Structures are given as structure tokens and as C-alpha cells.
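K.L.:
Right, I'll just put the structure down here and ask away after.
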Amino acid sequence: MRTLFLVTVDCDLRADDPHARADGLYAVLDVLGEEGLAGRVTWFLNENDFGFTENHQDFLAEAAERGDAIGIHDHFEPFTARAGEIAVGFETRSVLAYCRAARDRVAGWLEREGYRAQVRAHRNGYLAQTAEIYEALAALEYTVLSDIWPRHRSGDRTGAWLDNSEIPMGIAPYRHDAHNFTDYTSRTGRFLQAPIAAMFLGTFRYELLDRWLEASEQQEADPAVFTWCLHPYEVLNDARDAVSPGLVEVLRDHLRHIQSDYDLEFASLTQLEEIVG
């Protein structure tokens, strides 16, 4: 069984100090490079909120130079009635304009700077899942997504934000269209979905990795894919005004342990797309 480990970074820079924002971003970039993951990481840029093409051009250049996958991470709070609930009247055309703005800025910057990276990967903020969002992403020609989090449900009491509680652990990446995004048995569709296995740095547990791989083997997943979602602010201190050396070492130790104790390969989402075909 071929086993892939996907390190994906949702670039929400949740710190008031712009220097702390950049420092957290570079701390994660540096560790991933030093531990041999250059060219095998996926960066989901929250361009609409944090302006990477204006405020973090050096980071973008280094990530693109390494060959990392550059994707977009759109948060949909402008379309919510209250936190965690999609508003009544949520329209594909409104989301489309919002998502297009971020994608066009990032894709345009990469093209102007001479990088060949294509913006094909997308992750929704808060893992929001609605047909309207996916219709907009299809119109923008995204091809690989990572929004499904098996066994989890969050949002309002109706589960309007996401409800993946019936999706089992260990499922292989699957294909779907705008209206069947939770159908993990689907093998056709526009989007390749890479389900999330673990969220956050501090809550990463090796027993979860073991259980996920065991479930993948039982389901004969090929390839088996474990997707980890991190954020740059997670290596900042409690005040979020400086990088925490201790938290940086936690990230480094995890990567070293995974490489030394597990038979797997690191890959980006665009590399996964090439492997799955």
C-alpha cells in the first residue's frame, strides 16, 4: 500500500503584529525546508484577508521557488448570518466574485514573477461545505480540494457548516462534483477530495496516525493518504507577538518522528493529483 503524508498549511495569520505574522509564516517555512519537505508542501493562502501578494511577496517567491503547491484558502464570513451558519440567500455568484478576486491576484502574481505554478488547490475556511461554494470553485476551475474531515461535525445545531460525521476514517481521496461532496464512494467528478485526518499542531497524536493507516489498509485504500492541517499562528507564543522556539521544536520533532518511524512519503496536493490521475 502506497502511503502519502500531506502537510497542508492554512495561511491564516491571526496576529495583530504584522512582524509576528511574517515571523510565524517563515518559521513554518524554514522548518519544513530544513526537514526535507521543500517541494512537497501545500500552502493555502488566505489572500482576501491577509494580502499575500502585497504583504508577503518574499515568502511567496521562496515557496514557489521550492516547487511547493500554492492554493487558496477562502473564508466566507462575509456571507454568514452569524458565526458558523451560512446566510439565507447565499448565492453562487457572490461567492464566485469573492473567490475569483483571491485566485486572480495570486495566479497573476505568480505569472508576472515567472513561476509556472498553477493555482488548482482550494480549502474552504472553517471547512464550510455547501453546493453553492463548490459551484463557484468549479467555475474557477479548481481541481483538488481538502475540506472533508471524517467523523466531525460543526456549525449551528443543524450542522449547516459541515457534517462529516457519517464519513469513516481512513478513506482514500475521492472524486466528486458540487452536489455530492460527502459521497466518499464516488470515483468520478470534477474535484479530487483529499480528506483531512488531523487538525492543528498541538493536538497531533501518533495513535490517530496509526488508526488512520490501519483503517486505510482495511478499506484497501490506494494510495492511503493522511492529510495534516496546520496554521502559522500555531508556532507563536500565547500573546501571538513572537515565535515560540518551543512550539517550533514541536513541529520539527513531529516531522522527524514521522519520517523515522513510518514508511510513507510526503507530497503536496498537486503531486497527489498526479499520483491519483
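Labels used: A, B, ... for chains in the order of the C-alpha cells, numbers from 1 for residues in each chain, and numbers from 1 for ligands as shown.
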Report the residues of range 64-159 of chain A whose backbone DSSP state falls under strand (DSSP E or B), written as a PyMOL selection string.

P.N.:
chain A and resi 69-74+80-82+85-86+121-124+144-145+153-154

K.L.:
Please return, as a ChimeraX atom specification, all residues of range 15-68 of chain A that DSSP assigns to alpha helix (DSSP H) on the basis of the backbone.

P.N.:
/A:18-34,47-50,52-55,57-66

K.L.:
Can I get the selection written as a short mmCIF file (atom, residue, chain, number, x, y, z; two decimals), in the first residue's frame, with N, CA and C atoms?

P.N.:
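As written to disk, selection15.cif reads:
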data_model
loop_
_atom_site.label_atom_id
_atom_site.label_comp_id
_atom_site.auth_asym_id
_atom_site.auth_seq_id
_atom_site.Cartn_x
_atom_site.Cartn_y
_atom_site.Cartn_z
N PRO A 18 2.12 42.79 12.52
CA PRO A 18 2.49 42.30 11.19
C PRO A 18 3.83 41.58 11.18
N HIS A 19 4.74 41.98 12.07
CA HIS A 19 6.04 41.28 12.14
C HIS A 19 5.87 39.87 12.68
N ALA A 20 4.99 39.70 13.66
CA ALA A 20 4.73 38.37 14.20
C ALA A 20 4.06 37.49 13.14
N ARG A 21 3.19 38.08 12.34
CA ARG A 21 2.57 37.33 11.26
C ARG A 21 3.63 36.74 10.33
N ALA A 22 4.53 37.62 9.89
CA ALA A 22 5.58 37.18 8.96
C ALA A 22 6.52 36.19 9.63
N ASP A 23 6.86 36.43 10.89
CA ASP A 23 7.79 35.53 11.59
C ASP A 23 7.21 34.13 11.73
N GLY A 24 5.91 34.03 12.04
CA GLY A 24 5.29 32.72 12.15
C GLY A 24 5.29 31.99 10.82
N LEU A 25 4.99 32.72 9.78
CA LEU A 25 4.97 32.16 8.43
C LEU A 25 6.34 31.61 8.05
N TYR A 26 7.39 32.41 8.29
CA TYR A 26 8.73 31.99 7.93
C TYR A 26 9.25 30.87 8.83
N ALA A 27 8.82 30.87 10.08
CA ALA A 27 9.25 29.79 10.98
C ALA A 27 8.78 28.44 10.46
N VAL A 28 7.53 28.37 10.02
CA VAL A 28 7.00 27.12 9.47
C VAL A 28 7.69 26.79 8.15
N LEU A 29 7.85 27.78 7.30
CA LEU A 29 8.54 27.57 6.01
C LEU A 29 9.94 27.02 6.22
N ASP A 30 10.67 27.61 7.17
CA ASP A 30 12.05 27.20 7.42
C ASP A 30 12.13 25.77 7.93
N VAL A 31 11.29 25.42 8.89
CA VAL A 31 11.33 24.06 9.45
C VAL A 31 11.02 23.03 8.37
N LEU A 32 10.00 23.29 7.58
CA LEU A 32 9.63 22.34 6.53
C LEU A 32 10.77 22.17 5.53
N GLY A 33 11.45 23.26 5.20
CA GLY A 33 12.59 23.15 4.30
C GLY A 33 13.75 22.41 4.91
N GLU A 34 14.04 22.72 6.16
CA GLU A 34 15.17 22.09 6.84
C GLU A 34 14.96 20.60 7.05
N GLU A 47 -5.63 34.95 0.91
CA GLU A 47 -5.28 36.19 0.21
C GLU A 47 -6.27 37.30 0.47
N ASN A 48 -7.55 36.99 0.53
CA ASN A 48 -8.55 38.04 0.72
C ASN A 48 -8.41 38.75 2.05
N ASP A 49 -7.97 38.02 3.08
CA ASP A 49 -7.87 38.62 4.41
C ASP A 49 -6.49 39.20 4.70
N PHE A 50 -5.44 38.60 4.13
CA PHE A 50 -4.09 38.98 4.56
C PHE A 50 -3.17 39.47 3.44
N PHE A 52 -1.34 38.32 0.66
CA PHE A 52 0.00 37.74 0.48
C PHE A 52 0.72 38.35 -0.72
N THR A 53 0.01 38.65 -1.78
CA THR A 53 0.66 39.18 -2.97
C THR A 53 1.16 40.61 -2.77
N GLU A 54 0.72 41.23 -1.71
CA GLU A 54 1.20 42.58 -1.39
C GLU A 54 2.13 42.58 -0.18
N ASN A 55 1.78 41.80 0.85
CA ASN A 55 2.49 41.88 2.12
C ASN A 55 3.53 40.79 2.36
N GLN A 57 5.45 38.91 -0.27
CA GLN A 57 5.96 38.50 -1.57
C GLN A 57 7.22 37.65 -1.45
N ASP A 58 8.09 37.93 -0.49
CA ASP A 58 9.31 37.13 -0.33
C ASP A 58 8.97 35.70 0.04
N PHE A 59 7.99 35.53 0.91
CA PHE A 59 7.54 34.19 1.26
C PHE A 59 6.99 33.47 0.03
N LEU A 60 6.13 34.14 -0.71
CA LEU A 60 5.54 33.54 -1.91
C LEU A 60 6.63 33.11 -2.88
N ALA A 61 7.62 33.96 -3.07
CA ALA A 61 8.70 33.64 -4.00
C ALA A 61 9.47 32.41 -3.55
N GLU A 62 9.75 32.31 -2.26
CA GLU A 62 10.50 31.16 -1.77
C GLU A 62 9.69 29.87 -1.88
N ALA A 63 8.42 29.92 -1.52
CA ALA A 63 7.58 28.72 -1.63
C ALA A 63 7.45 28.28 -3.08
N ALA A 64 7.26 29.23 -3.99
CA ALA A 64 7.13 28.88 -5.40
C ALA A 64 8.46 28.37 -5.95
N GLU A 65 9.55 28.96 -5.54
CA GLU A 65 10.87 28.51 -5.99
C GLU A 65 11.14 27.08 -5.56
N ARG A 66 10.68 26.71 -4.40
CA ARG A 66 10.87 25.35 -3.91
C ARG A 66 10.02 24.33 -4.68
#

K.L.:
Produce a table with one row for each residue of range 130-207 of chain A that has an atom at most 12 Å from any atom of range 245-250 of chain A, each row naming the nearest atom pair and its distance in Å at one decimal; use only C-alpha atoms; arrange rows by chain and rising residue number; format as JSON lines.

P.N.:
{"residue": "A:Phe200", "atom": "CA", "partner": "A:Val250", "partner_atom": "CA", "distance": 11.7}
{"residue": "A:Leu201", "atom": "CA", "partner": "A:Val250", "partner_atom": "CA", "distance": 7.9}
{"residue": "A:Gly202", "atom": "CA", "partner": "A:Val250", "partner_atom": "CA", "distance": 8.2}
{"residue": "A:Thr203", "atom": "CA", "partner": "A:Val250", "partner_atom": "CA", "distance": 11.0}
{"residue": "A:Phe204", "atom": "CA", "partner": "A:Val250", "partner_atom": "CA", "distance": 10.1}
{"residue": "A:Arg205", "atom": "CA", "partner": "A:Val250", "partner_atom": "CA", "distance": 12.0}

K.L.:
So, counting only C-alpha atoms, which residue among A:Gly36, A:Ala15, A:Arg240, A:Thr188 is closest to Glu265 in chain A?

P.N.:
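The answer is A:Gly36, which sits nearest to Glu265 in chain A.
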
K.L.:
Please list as a ChimeraX atom specification every residue within 8 Å of range 210-220 of chain A, counting only C-alpha atoms and excluding residues in the same chain fewer than 3 positions away.

P.N.:
/A:1,169-172,197,206-207,224,226

K.L.:
Excluding range 132-138 of chain A and residues on its chain fewer than 2 positions from it, collect all residues at most 6 Å away from it, counting only C-alpha atoms, and give them as a list in words.

P.N.:
Thr92, Leu96, Thr130, Leu140, Glu141, Tyr142 and Ala178 of chain A

K.L.:
Could you list, as a PyMOL selection string, every residue within 9 Å of Asp12 in chain A, counting only C-alpha atoms and ignoring same-chain residues fewer than 5 positions away?

P.N.:
chain A and resi 44-46+49-50+73+231-233

K.L.:
Could you please take those selected residues and save N, CA and C atoms as a compact mmCIF listing (two decimals), in the first residue's frame?

P.N.:
# COMPACT_ATOMS: atom_id res chain seq x y z
N PHE A 44 -2.09 27.00 1.60
CA PHE A 44 -3.39 27.56 1.28
C PHE A 44 -3.39 29.02 1.74
N LEU A 45 -3.30 29.94 0.79
CA LEU A 45 -3.15 31.36 1.11
C LEU A 45 -4.50 32.01 1.36
N ASN A 46 -4.66 32.65 2.51
CA ASN A 46 -5.84 33.46 2.77
C ASN A 46 -5.56 34.86 2.23
N ASP A 49 -7.97 38.02 3.08
CA ASP A 49 -7.87 38.62 4.41
C ASP A 49 -6.49 39.20 4.70
N PHE A 50 -5.44 38.60 4.13
CA PHE A 50 -4.09 38.98 4.56
C PHE A 50 -3.17 39.47 3.44
N HIS A 73 -7.16 29.72 0.31
CA HIS A 73 -7.97 29.42 1.50
C HIS A 73 -8.94 30.58 1.69
N HIS A 231 -1.43 25.78 10.92
CA HIS A 231 -1.56 27.23 10.72
C HIS A 231 -0.29 27.90 11.24
N PRO A 232 0.19 28.95 10.57
CA PRO A 232 1.40 29.63 11.03
C PRO A 232 1.28 30.22 12.44
N TYR A 233 0.08 30.66 12.83
CA TYR A 233 -0.07 31.26 14.16
C TYR A 233 0.15 30.24 15.28

K.L.:
For Gln271 in chain A, find every residue with an atom within 10 Å (counting only C-alpha atoms), except residues of its own chain fewer than 3 positions away, and show them as a list in words.

P.N.:
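Close residues of Gln271 in chain A: Leu6, Gly39, Arg40, Val41, Thr42, Asp68, Ala69, Phe266, Ala267, Ser268, Glu274, Ile275, Val276 and Gly277 of chain A.
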
K.L.:
Enter the distance from CA of Arg175 in chain A to CA of Val106 in chain A, in Å, rounded to one decimal.

P.N.:
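Interatomic distance here is 25.3 Å.
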
K.L.:
As an exercise, work out the distance from CA of Leu162 in chain A to CA of Val235 in chain A in Å and give it to one decimal place.

P.N.:
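These atoms are spaced 26.9 Å apart.
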
K.L.:
Here is a test: counting only C-alpha atoms, which residue of A:Glu234, A:Glu77, A:Glu273, A:Asp253 is nearest to Tyr174 in chain A?

P.N.:
A:Glu273

K.L.:
Find the residues near Asn180 in chain A: any atom within 10 Å, counting only C-alpha atoms, skip ones fewer than 3 places away on the same chain, and give them as a list in words.

P.N.:
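Using only C-alpha atoms, the neighbours found are Thr130, Ala131, Tyr134, Arg175, His176, Asp177, Asp183, Tyr184, Ser186 and Gly189 of chain A.
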
K.L.:
Please compute the CA of Phe191 in chain A-CA of Asn124 in chain A distance, one decimal, in Å.

P.N.:
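According to the coordinates, CA of Phe191 in chain A and CA of Asn124 in chain A are separated by 13.6 Å.
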